[in-house]
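Asker: Starting off with a structure, shown below.
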Amino acid sequence: MNINIKFFAAAKEVAGKEEMQFSLPSSSTASSLLDLLVEQFPGLQEWKQYVRVAVNQEYVSLDYALNENDEVAIIPPVSGG
Amino acid sequence: MNINIKFFAAAKEVAGKEEMQFSLPSSSTASSLLDLLVEQFPGLQEWKQYVRVAVNQEYVSLDYALNENDEVAIIPPVSGG
Amino acid sequence: MIEIVSEKIDITKILQSVEDNSAGGIDMFIGTTRDNSKGKSVLRLEYEAYIPMALKKMNEIAGEAKTRWNIKKISLVHRIGKVEIGEASIVIAVSSPHRKEAFEACRYAIDTLKKIVPIWKKEFFEDGEVWVDAREEKILS
Amino acid sequence: MIEIVSEKIDITKILQSVEDNSAGGIDMFIGTTRDNSKGKSVLRLEYEAYIPMALKKMNEIAGEAKTRWNIKKISLVHRIGKVEIGEASIVIAVSSPHRKEAFEACRYAIDTLKKIVPIWKKEFFEDGEVWVDAREEKILS
């Protein structure tokens with residue numbers, strides 16, 4: 001299945017892009033997506049334990065099962081305000 | 001001795017004036033002044049236990065010994081803000 | 001900036017008075033006149049102050065806030081005379097490097113002002129007028 | 001009024017957005033950019049947001065504040081892009097019949113915004129730039 005990934009802040013700089021399409025085995029979880037992203041962008045390794053994953057603009061847990069065309073965002077620790 | 005008394009808010013309405021000069025026996029206290037004021041303005045009786053006395057713009061206790069030309073203010077419960 | 005004014009309070013000016021490049025946050029409290037009090041409709045309000053003592057006490061509150069918290073600047077401006085419904089009667093602003101202290105100092109300032117600063121509010125109703133006794137309002141405001 | 005803007009925040013407009021004749025108090029928090037961070041001089045800041053999700057979370061914070069406290073109106077406006085030292089990056093305003101609730105709801109809103117709203121701050125120093133990690137700042141701000 002295909003999902004759309006958005007990167008922000010530090011994650012965007014590490015990935016070198018704002019968004020990308022990503023192909024995943026069906027029944028992939030947020031956690032397995034993170035593993036694949038770290039493979040593709042090794043610089044994300046150090047962020048892996050700090051980022052949160054949002055799907056369709058809602059935070060999800062790592063065992064969340066992704067669906068075709070989900071909008072997935074990699075959310076580094078926020079610092080608004 | 002002579003002191004200057006200022007009345008505010010409800011106390012001003014009861015006394016019917018904003019300020020007055022008042023003659024007191026020397027070594028009078030804030031408490032004895034209040035007693036004399038209630039004699040002169042009986043309507044102050046119901047306020048007596050609630051008002052605070054300020055001398056020269058500072059709150060004082062009831063046993064405070066007044067001095068000639070003190071500026072004494074009768075301060076009903078405040079409600080600023 | 002510690003002032004008692006008889007015209008509309010200039011909030012922008014107060015904000016500028018506490019700006020500080022090393023401050024990360026400003027907390028501002030604006031007290032406005034409510035259109036009701038104890039279930040009755042309020043037409044308008046008037047404030048009276050023992051001005052020199054009120055200014056002295058407002059300065060003391062500012063000084064005490066600076067002693068207790070790490071704040072940069074604090075301003076207190078109270079309006080007296082007639083104040084229309086919805087208009088500001090009191091504005092307090094505090095700037096601080098960190099927001100927790102701005103909030104705490106601002107809350108301290110308004111709470112203390114309501115207890116010790118010699119200013120009185122009179123409420124005007126359809127059927128009369130009354131000097132507000134803040135002791136009765138303790139639970140409410 | 002829940003907004004993310006890229007121009008200077010209009011504080012007067014935000015104040016008007018929470019005015020309410022039955023409100024007795026407004027608490028407003030203004031977050032400004034500090035000229036220093038961890039002992040280093042900050043030249044300027046830039047904010048980036050995941051805008052649709054940030055707006056969604058800001059709306060959730062406003063809704064939750066209205067559930068928890070008896071407040072009248074609440075506004076949250078965050079600025080993104082370049083923000084000069086001393087300028088406001090966030091303004092939150094809450095009106096309420098009684099001031100205690102305005103203070104508490106406003107503090108809740110800024111504390112929660114800093115935890116869950118996907119907005120990031122980058123600090124620019126003489127010798128480089130860094131995305132701020134709010135986890136490190138927990139003790140400080």
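Ordering of the structure tokens sets the chain letters (A, B, ...); residue numbers start at 1 within each chain; ligands are numbered from 1 in the order shown.
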For a quick test of understanding: name the residues of chain C lying within 8 Å of chain B when counting only C-alpha atoms, and present them as a list of chain:residue names.

Answerer: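 The contacting residues on chain C are C:Gly31, C:Tyr47, C:Glu48, C:Ala49, C:Tyr50, C:Pro52, C:Met53, C:Lys56, C:His78, C:Ser89, C:Ile90, C:Ile110, C:Leu113, C:Lys114, C:Lys115, C:Ile116, C:Val117, C:Pro118, C:Ile119, C:Trp120, C:Lys121, C:Trp131, C:Val132, C:Asp133, C:Ala134, C:Arg135.
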
Asker: Using only C-alpha atoms, find each residue of chain C with at least one atom at most 10 Å away from an atom of chain D; report its shortest atom-to-atom pair and that distance in Å (one decimal), sort the rows by chain and rising residue number, and return the result as CSV.

Answerer:
```
residue,atom,partner,partner_atom,distance
C:Ile11,CA,D:Thr12,CA,8.4
C:Thr12,CA,D:Thr12,CA,7.9
C:Leu15,CA,D:Ile30,CA,9.6
C:Glu19,CA,D:Gly86,CA,7.2
C:Asp20,CA,D:Gly86,CA,6.7
C:Asn21,CA,D:Gly86,CA,5.0
C:Ser22,CA,D:Arg34,CA,5.0
C:Ala23,CA,D:Arg34,CA,5.7
C:Gly24,CA,D:Thr32,CA,4.9
C:Gly25,CA,D:Gly31,CA,4.4
C:Ile26,CA,D:Ile30,CA,5.0
C:Asp27,CA,D:Phe29,CA,4.6
C:Met28,CA,D:Met28,CA,5.1
C:Phe29,CA,D:Asp27,CA,4.6
C:Ile30,CA,D:Ile26,CA,5.0
C:Gly31,CA,D:Gly25,CA,4.4
C:Thr32,CA,D:Gly24,CA,4.9
C:Thr33,CA,D:Gly24,CA,5.7
C:Arg34,CA,D:Ser22,CA,5.0
C:Asp35,CA,D:Ser22,CA,5.5
C:Asn36,CA,D:Ser22,CA,6.8
C:Ser37,CA,D:Ser22,CA,9.4
C:Ile85,CA,D:Asn21,CA,6.4
C:Gly86,CA,D:Asn21,CA,5.0
C:Glu87,CA,D:Asn21,CA,8.8
C:Ala88,CA,D:Gly25,CA,8.7
C:Ser89,CA,D:Gly24,CA,9.8
C:Ile90,CA,D:Gly25,CA,9.3
C:Val91,CA,D:Ile26,CA,9.5
C:Ile92,CA,D:Asp27,CA,9.6
C:Ala93,CA,D:Met28,CA,9.1
C:Val94,CA,D:Phe29,CA,9.8
C:Ser95,CA,D:Ile30,CA,9.1
C:Ser96,CA,D:Thr32,CA,10.0
C:Pro97,CA,D:Arg34,CA,7.6
C:His98,CA,D:Ser141,CA,4.8
C:Arg99,CA,D:Ser141,CA,6.2
C:Lys100,CA,D:Ser141,CA,7.2
C:Glu101,CA,D:Ser141,CA,9.3
C:Ala102,CA,D:Phe29,CA,8.9
C:Phe103,CA,D:Arg107,CA,7.5
C:Glu104,CA,D:Phe103,CA,9.3
C:Cys106,CA,D:Phe103,CA,9.2
C:Arg107,CA,D:Phe103,CA,7.5
C:Ile110,CA,D:Arg99,CA,9.2
C:Asp111,CA,D:Arg99,CA,9.4
C:Ile139,CA,D:His98,CA,9.9
C:Leu140,CA,D:His98,CA,6.8
C:Ser141,CA,D:His98,CA,4.8
```

Asker: Selection from above, N, CA and C atoms, as a short mmCIF file (atom, residue, chain, number, x, y, z; two decimals), in the first residue's frame, can you write it?

Answerer:
```
data_model
loop_
_atom_site.label_atom_id
_atom_site.label_comp_id
_atom_site.auth_asym_id
_atom_site.auth_seq_id
_atom_site.Cartn_x
_atom_site.Cartn_y
_atom_site.Cartn_z
N ILE C 11 -4.31 49.93 26.59
CA ILE C 11 -3.71 48.62 26.80
C ILE C 11 -2.40 48.45 26.03
N THR C 12 -2.35 49.00 24.83
CA THR C 12 -1.13 48.90 24.03
C THR C 12 0.05 49.56 24.75
N LEU C 15 1.26 47.32 27.52
CA LEU C 15 2.02 46.21 26.96
C LEU C 15 3.44 46.66 26.64
N GLU C 19 7.48 45.40 27.94
CA GLU C 19 8.28 44.66 26.95
C GLU C 19 9.74 44.66 27.37
N ASP C 20 10.39 43.54 27.11
CA ASP C 20 11.79 43.39 27.51
C ASP C 20 12.38 42.27 26.66
N ASN C 21 13.50 42.55 26.02
CA ASN C 21 14.06 41.56 25.10
C ASN C 21 14.50 40.27 25.77
N SER C 22 14.68 40.32 27.08
CA SER C 22 15.07 39.09 27.77
C SER C 22 13.86 38.39 28.39
N ALA C 23 12.67 38.92 28.11
CA ALA C 23 11.44 38.29 28.64
C ALA C 23 10.88 37.33 27.60
N GLY C 24 10.48 36.17 28.05
CA GLY C 24 9.89 35.19 27.14
C GLY C 24 8.39 35.18 27.19
N GLY C 25 7.83 35.83 28.20
CA GLY C 25 6.38 35.82 28.31
C GLY C 25 5.85 37.01 29.07
N ILE C 26 4.65 37.42 28.66
CA ILE C 26 3.94 38.49 29.36
C ILE C 26 2.58 37.94 29.74
N ASP C 27 2.21 38.08 31.00
CA ASP C 27 0.83 37.76 31.36
C ASP C 27 0.14 39.07 31.69
N MET C 28 -1.05 39.22 31.13
CA MET C 28 -1.80 40.47 31.32
C MET C 28 -3.19 40.13 31.81
N PHE C 29 -3.58 40.76 32.91
CA PHE C 29 -4.95 40.59 33.38
C PHE C 29 -5.72 41.88 33.13
N ILE C 30 -6.91 41.74 32.57
CA ILE C 30 -7.76 42.89 32.28
C ILE C 30 -9.08 42.67 33.00
N GLY C 31 -9.36 43.49 33.98
CA GLY C 31 -10.63 43.40 34.69
C GLY C 31 -11.64 44.28 33.99
N THR C 32 -12.77 43.69 33.59
CA THR C 32 -13.79 44.46 32.89
C THR C 32 -15.07 44.48 33.71
N THR C 33 -15.90 45.45 33.44
CA THR C 33 -17.12 45.60 34.22
C THR C 33 -18.20 44.70 33.63
N ARG C 34 -18.73 43.86 34.52
CA ARG C 34 -19.77 42.91 34.12
C ARG C 34 -21.14 43.57 34.05
N ASP C 35 -22.01 43.03 33.22
CA ASP C 35 -23.35 43.61 33.08
C ASP C 35 -24.32 43.05 34.12
N ASN C 36 -23.80 42.24 35.05
CA ASN C 36 -24.69 41.72 36.09
C ASN C 36 -23.92 41.51 37.38
N SER C 37 -24.65 41.51 38.48
CA SER C 37 -24.04 41.31 39.79
C SER C 37 -25.08 40.72 40.70
N ILE C 85 -20.06 49.28 30.89
CA ILE C 85 -20.03 47.81 30.82
C ILE C 85 -19.07 47.35 29.72
N GLY C 86 -18.25 46.39 30.05
CA GLY C 86 -17.33 45.83 29.06
C GLY C 86 -15.99 46.55 29.00
N GLU C 87 -15.92 47.74 29.57
CA GLU C 87 -14.64 48.46 29.55
C GLU C 87 -13.75 48.00 30.70
N ALA C 88 -12.45 48.25 30.52
CA ALA C 88 -11.48 47.79 31.52
C ALA C 88 -11.40 48.76 32.69
N SER C 89 -11.45 48.22 33.89
CA SER C 89 -11.25 49.04 35.09
C SER C 89 -9.83 48.86 35.63
N ILE C 90 -9.25 47.71 35.38
CA ILE C 90 -7.89 47.45 35.86
C ILE C 90 -7.13 46.65 34.80
N VAL C 91 -5.87 47.01 34.59
CA VAL C 91 -5.00 46.23 33.71
C VAL C 91 -3.68 46.03 34.44
N ILE C 92 -3.26 44.78 34.51
CA ILE C 92 -1.98 44.43 35.13
C ILE C 92 -1.19 43.62 34.12
N ALA C 93 0.06 43.97 33.91
CA ALA C 93 0.90 43.22 32.98
C ALA C 93 2.24 42.93 33.63
N VAL C 94 2.71 41.71 33.40
CA VAL C 94 3.98 41.27 33.99
C VAL C 94 4.80 40.56 32.92
N SER C 95 6.05 40.97 32.76
CA SER C 95 6.93 40.24 31.83
C SER C 95 7.97 39.50 32.64
N SER C 96 8.37 38.35 32.10
CA SER C 96 9.26 37.47 32.83
C SER C 96 10.00 36.57 31.85
N PRO C 97 11.21 36.14 32.20
CA PRO C 97 11.90 35.21 31.31
C PRO C 97 11.09 33.93 31.08
N HIS C 98 10.40 33.49 32.13
CA HIS C 98 9.66 32.23 32.01
C HIS C 98 8.22 32.41 32.45
N ARG C 99 7.31 31.78 31.74
CA ARG C 99 5.91 32.14 31.86
C ARG C 99 5.30 31.84 33.21
N LYS C 100 5.75 30.78 33.87
CA LYS C 100 5.17 30.42 35.16
C LYS C 100 5.20 31.61 36.11
N GLU C 101 6.32 32.30 36.12
CA GLU C 101 6.47 33.43 37.05
C GLU C 101 5.62 34.62 36.65
N ALA C 102 5.45 34.82 35.34
CA ALA C 102 4.58 35.92 34.89
C ALA C 102 3.14 35.67 35.36
N PHE C 103 2.69 34.41 35.20
CA PHE C 103 1.32 34.07 35.64
C PHE C 103 1.18 34.26 37.14
N GLU C 104 2.11 33.73 37.89
CA GLU C 104 1.98 33.78 39.35
C GLU C 104 2.04 35.21 39.88
N CYS C 106 1.32 37.96 38.25
CA CYS C 106 0.14 38.71 37.81
C CYS C 106 -1.06 38.37 38.70
N ARG C 107 -1.20 37.11 38.98
CA ARG C 107 -2.32 36.68 39.83
C ARG C 107 -2.16 37.22 41.25
N ILE C 110 -3.20 41.04 41.18
CA ILE C 110 -4.63 41.37 41.16
C ILE C 110 -5.30 40.91 42.47
N ASP C 111 -4.91 39.75 42.97
CA ASP C 111 -5.50 39.28 44.23
C ASP C 111 -5.20 40.25 45.37
N ILE C 139 -16.07 34.66 47.54
CA ILE C 139 -16.31 33.35 46.95
C ILE C 139 -16.46 33.46 45.43
N LEU C 140 -17.02 34.60 45.02
CA LEU C 140 -17.35 34.73 43.61
C LEU C 140 -16.18 35.09 42.71
N SER C 141 -15.55 36.22 43.00
CA SER C 141 -14.56 36.67 42.01
C SER C 141 -13.17 36.27 42.47
#
```

Asker: As a list in words, which residues of chain B does DSSP assign to strand (DSSP E)?

Answerer: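 DSSP on the backbone gives strand (DSSP E) at Asn2, Ile3, Asn4, Ile5, Lys6, Phe7, Glu19, Met20, Gln21, Phe22, Ser23, Arg52, Val53, Ala54, Val55, Glu58, Tyr59, Val60, Glu71, Val72, Ala73, Ile74 and Ile75 of chain B.
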
Asker: Tell me, as number ranges by chain, which residues lie within 7 Å of B:Thr29, counting only C-alpha atoms; anything in the same chain fewer than 3 positions away does not count.

Answerer: B: 32-33, 62-66

Asker: Figure out the distance between atom CA of D:Glu46 and atom CA of D:Gly81, please, to one decimal in Å.

Answerer: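 Straight-line distance from atom CA of D:Gly81 to atom CA of D:Glu46 works out to 5.0 Å.
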
Asker: In Å, how far is it from atom CA of C:Asn59 to atom CA of C:Ser6?

Answerer: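 Atom-to-atom, atom CA of C:Asn59 to atom CA of C:Ser6, that is 18.5 Å.
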
Asker: Would you list the contacts of D:Ser17 as a list in words, taking every protein, DNA or RNA residue within 9 Å and counting only C-alpha atoms, but skipping same-chain residues closer than 4 positions in sequence?

Answerer: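 Once the nearby chain positions are removed, what remains is Met1, Thr12, Lys13, Lys73, Ile74, Ser75 and Ala93 of chain D.
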
Asker: Using Å and a single decimal, report how far atom CA of C:Ile4 sits from atom CA of C:Lys82.

Answerer: 13.2 Å

Asker: Excluding B:Ile5 and residues on its chain fewer than 4 positions from it, collect all residues at most 9 Å away from it, counting only C-alpha atoms, and give them as a ChimeraX atom specification.

Answerer: /B:18-22,70-74

Asker: How would the residues just picked look written out with C-alpha atoms as a JSON list (two decimals), in the first residue's frame?

Answerer:
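That gives us selection.json:
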```json
[["chain", "number", "residue", "atom", "x", "y", "z"],
["B", 18, "GLU", "CA", -15.27, 63.99, 52.12],
["B", 19, "GLU", "CA", -13.08, 65.42, 54.82],
["B", 20, "MET", "CA", -13.10, 67.34, 58.06],
["B", 21, "GLN", "CA", -10.85, 68.59, 60.80],
["B", 22, "PHE", "CA", -11.37, 66.90, 64.13],
["B", 70, "ASP", "CA", -2.05, 63.19, 61.03],
["B", 71, "GLU", "CA", -3.95, 62.49, 57.83],
["B", 72, "VAL", "CA", -6.42, 59.86, 58.91],
["B", 73, "ALA", "CA", -8.56, 57.98, 56.39],
["B", 74, "ILE", "CA", -11.59, 55.86, 57.12]]
```

Asker: As a list in words, please: every residue in chain B that DSSP puts in helix (DSSP H, G or I).

Answerer: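 After running DSSP on the backbone, chain B has helix (DSSP H, G or I) at Ala9, Ala10, Ala11, Lys12, Glu13, Val14, Ala15, Ala30, Ser31, Ser32, Leu33, Leu34, Asp35, Leu36, Leu37, Val38, Glu39, Gln40, Pro42, Gly43, Leu44, Gln45, Glu46 and Trp47 of chain B.
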
Asker: Store the residues picked out above, limited to C-alpha atoms, as a PDB file, in the first residue's frame.

Answerer:
```
ATOM      1  CA  ALA B   9     -17.148  55.435  49.553  1.00  0.00           C
ATOM      2  CA  ALA B  10     -19.878  54.297  51.967  1.00  0.00           C
ATOM      3  CA  ALA B  11     -18.250  56.114  54.916  1.00  0.00           C
ATOM      4  CA  LYS B  12     -18.278  59.325  52.921  1.00  0.00           C
ATOM      5  CA  GLU B  13     -21.977  58.977  52.226  1.00  0.00           C
ATOM      6  CA  VAL B  14     -22.762  58.246  55.866  1.00  0.00           C
ATOM      7  CA  ALA B  15     -20.674  61.189  57.087  1.00  0.00           C
ATOM      8  CA  ALA B  30      -7.389  55.148  66.126  1.00  0.00           C
ATOM      9  CA  SER B  31      -9.918  53.230  68.188  1.00  0.00           C
ATOM     10  CA  SER B  32     -10.979  56.187  70.296  1.00  0.00           C
ATOM     11  CA  LEU B  33     -11.270  58.301  67.145  1.00  0.00           C
ATOM     12  CA  LEU B  34     -13.648  55.735  65.652  1.00  0.00           C
ATOM     13  CA  ASP B  35     -15.754  55.875  68.832  1.00  0.00           C
ATOM     14  CA  LEU B  36     -15.988  59.655  68.583  1.00  0.00           C
ATOM     15  CA  LEU B  37     -16.862  59.500  64.900  1.00  0.00           C
ATOM     16  CA  VAL B  38     -19.678  57.045  65.577  1.00  0.00           C
ATOM     17  CA  GLU B  39     -21.024  59.452  68.224  1.00  0.00           C
ATOM     18  CA  GLN B  40     -21.041  62.240  65.680  1.00  0.00           C
ATOM     19  CA  PRO B  42     -24.422  57.322  64.186  1.00  0.00           C
ATOM     20  CA  GLY B  43     -24.755  55.771  60.748  1.00  0.00           C
ATOM     21  CA  LEU B  44     -21.091  54.739  60.999  1.00  0.00           C
ATOM     22  CA  GLN B  45     -21.958  52.286  63.790  1.00  0.00           C
ATOM     23  CA  GLU B  46     -22.750  49.456  61.368  1.00  0.00           C
ATOM     24  CA  TRP B  47     -19.472  50.066  59.535  1.00  0.00           C
TER      25      TRP B  47
END
```

Asker: Check the smallest atom-to-atom distance from each of D:Lys57, D:Arg79, D:Lys40, D:Lys66 to D:Glu123 using only C-alpha atoms, then report the winner.

Answerer: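 Closest to D:Glu123, using only C-alpha atoms: D:Lys40.
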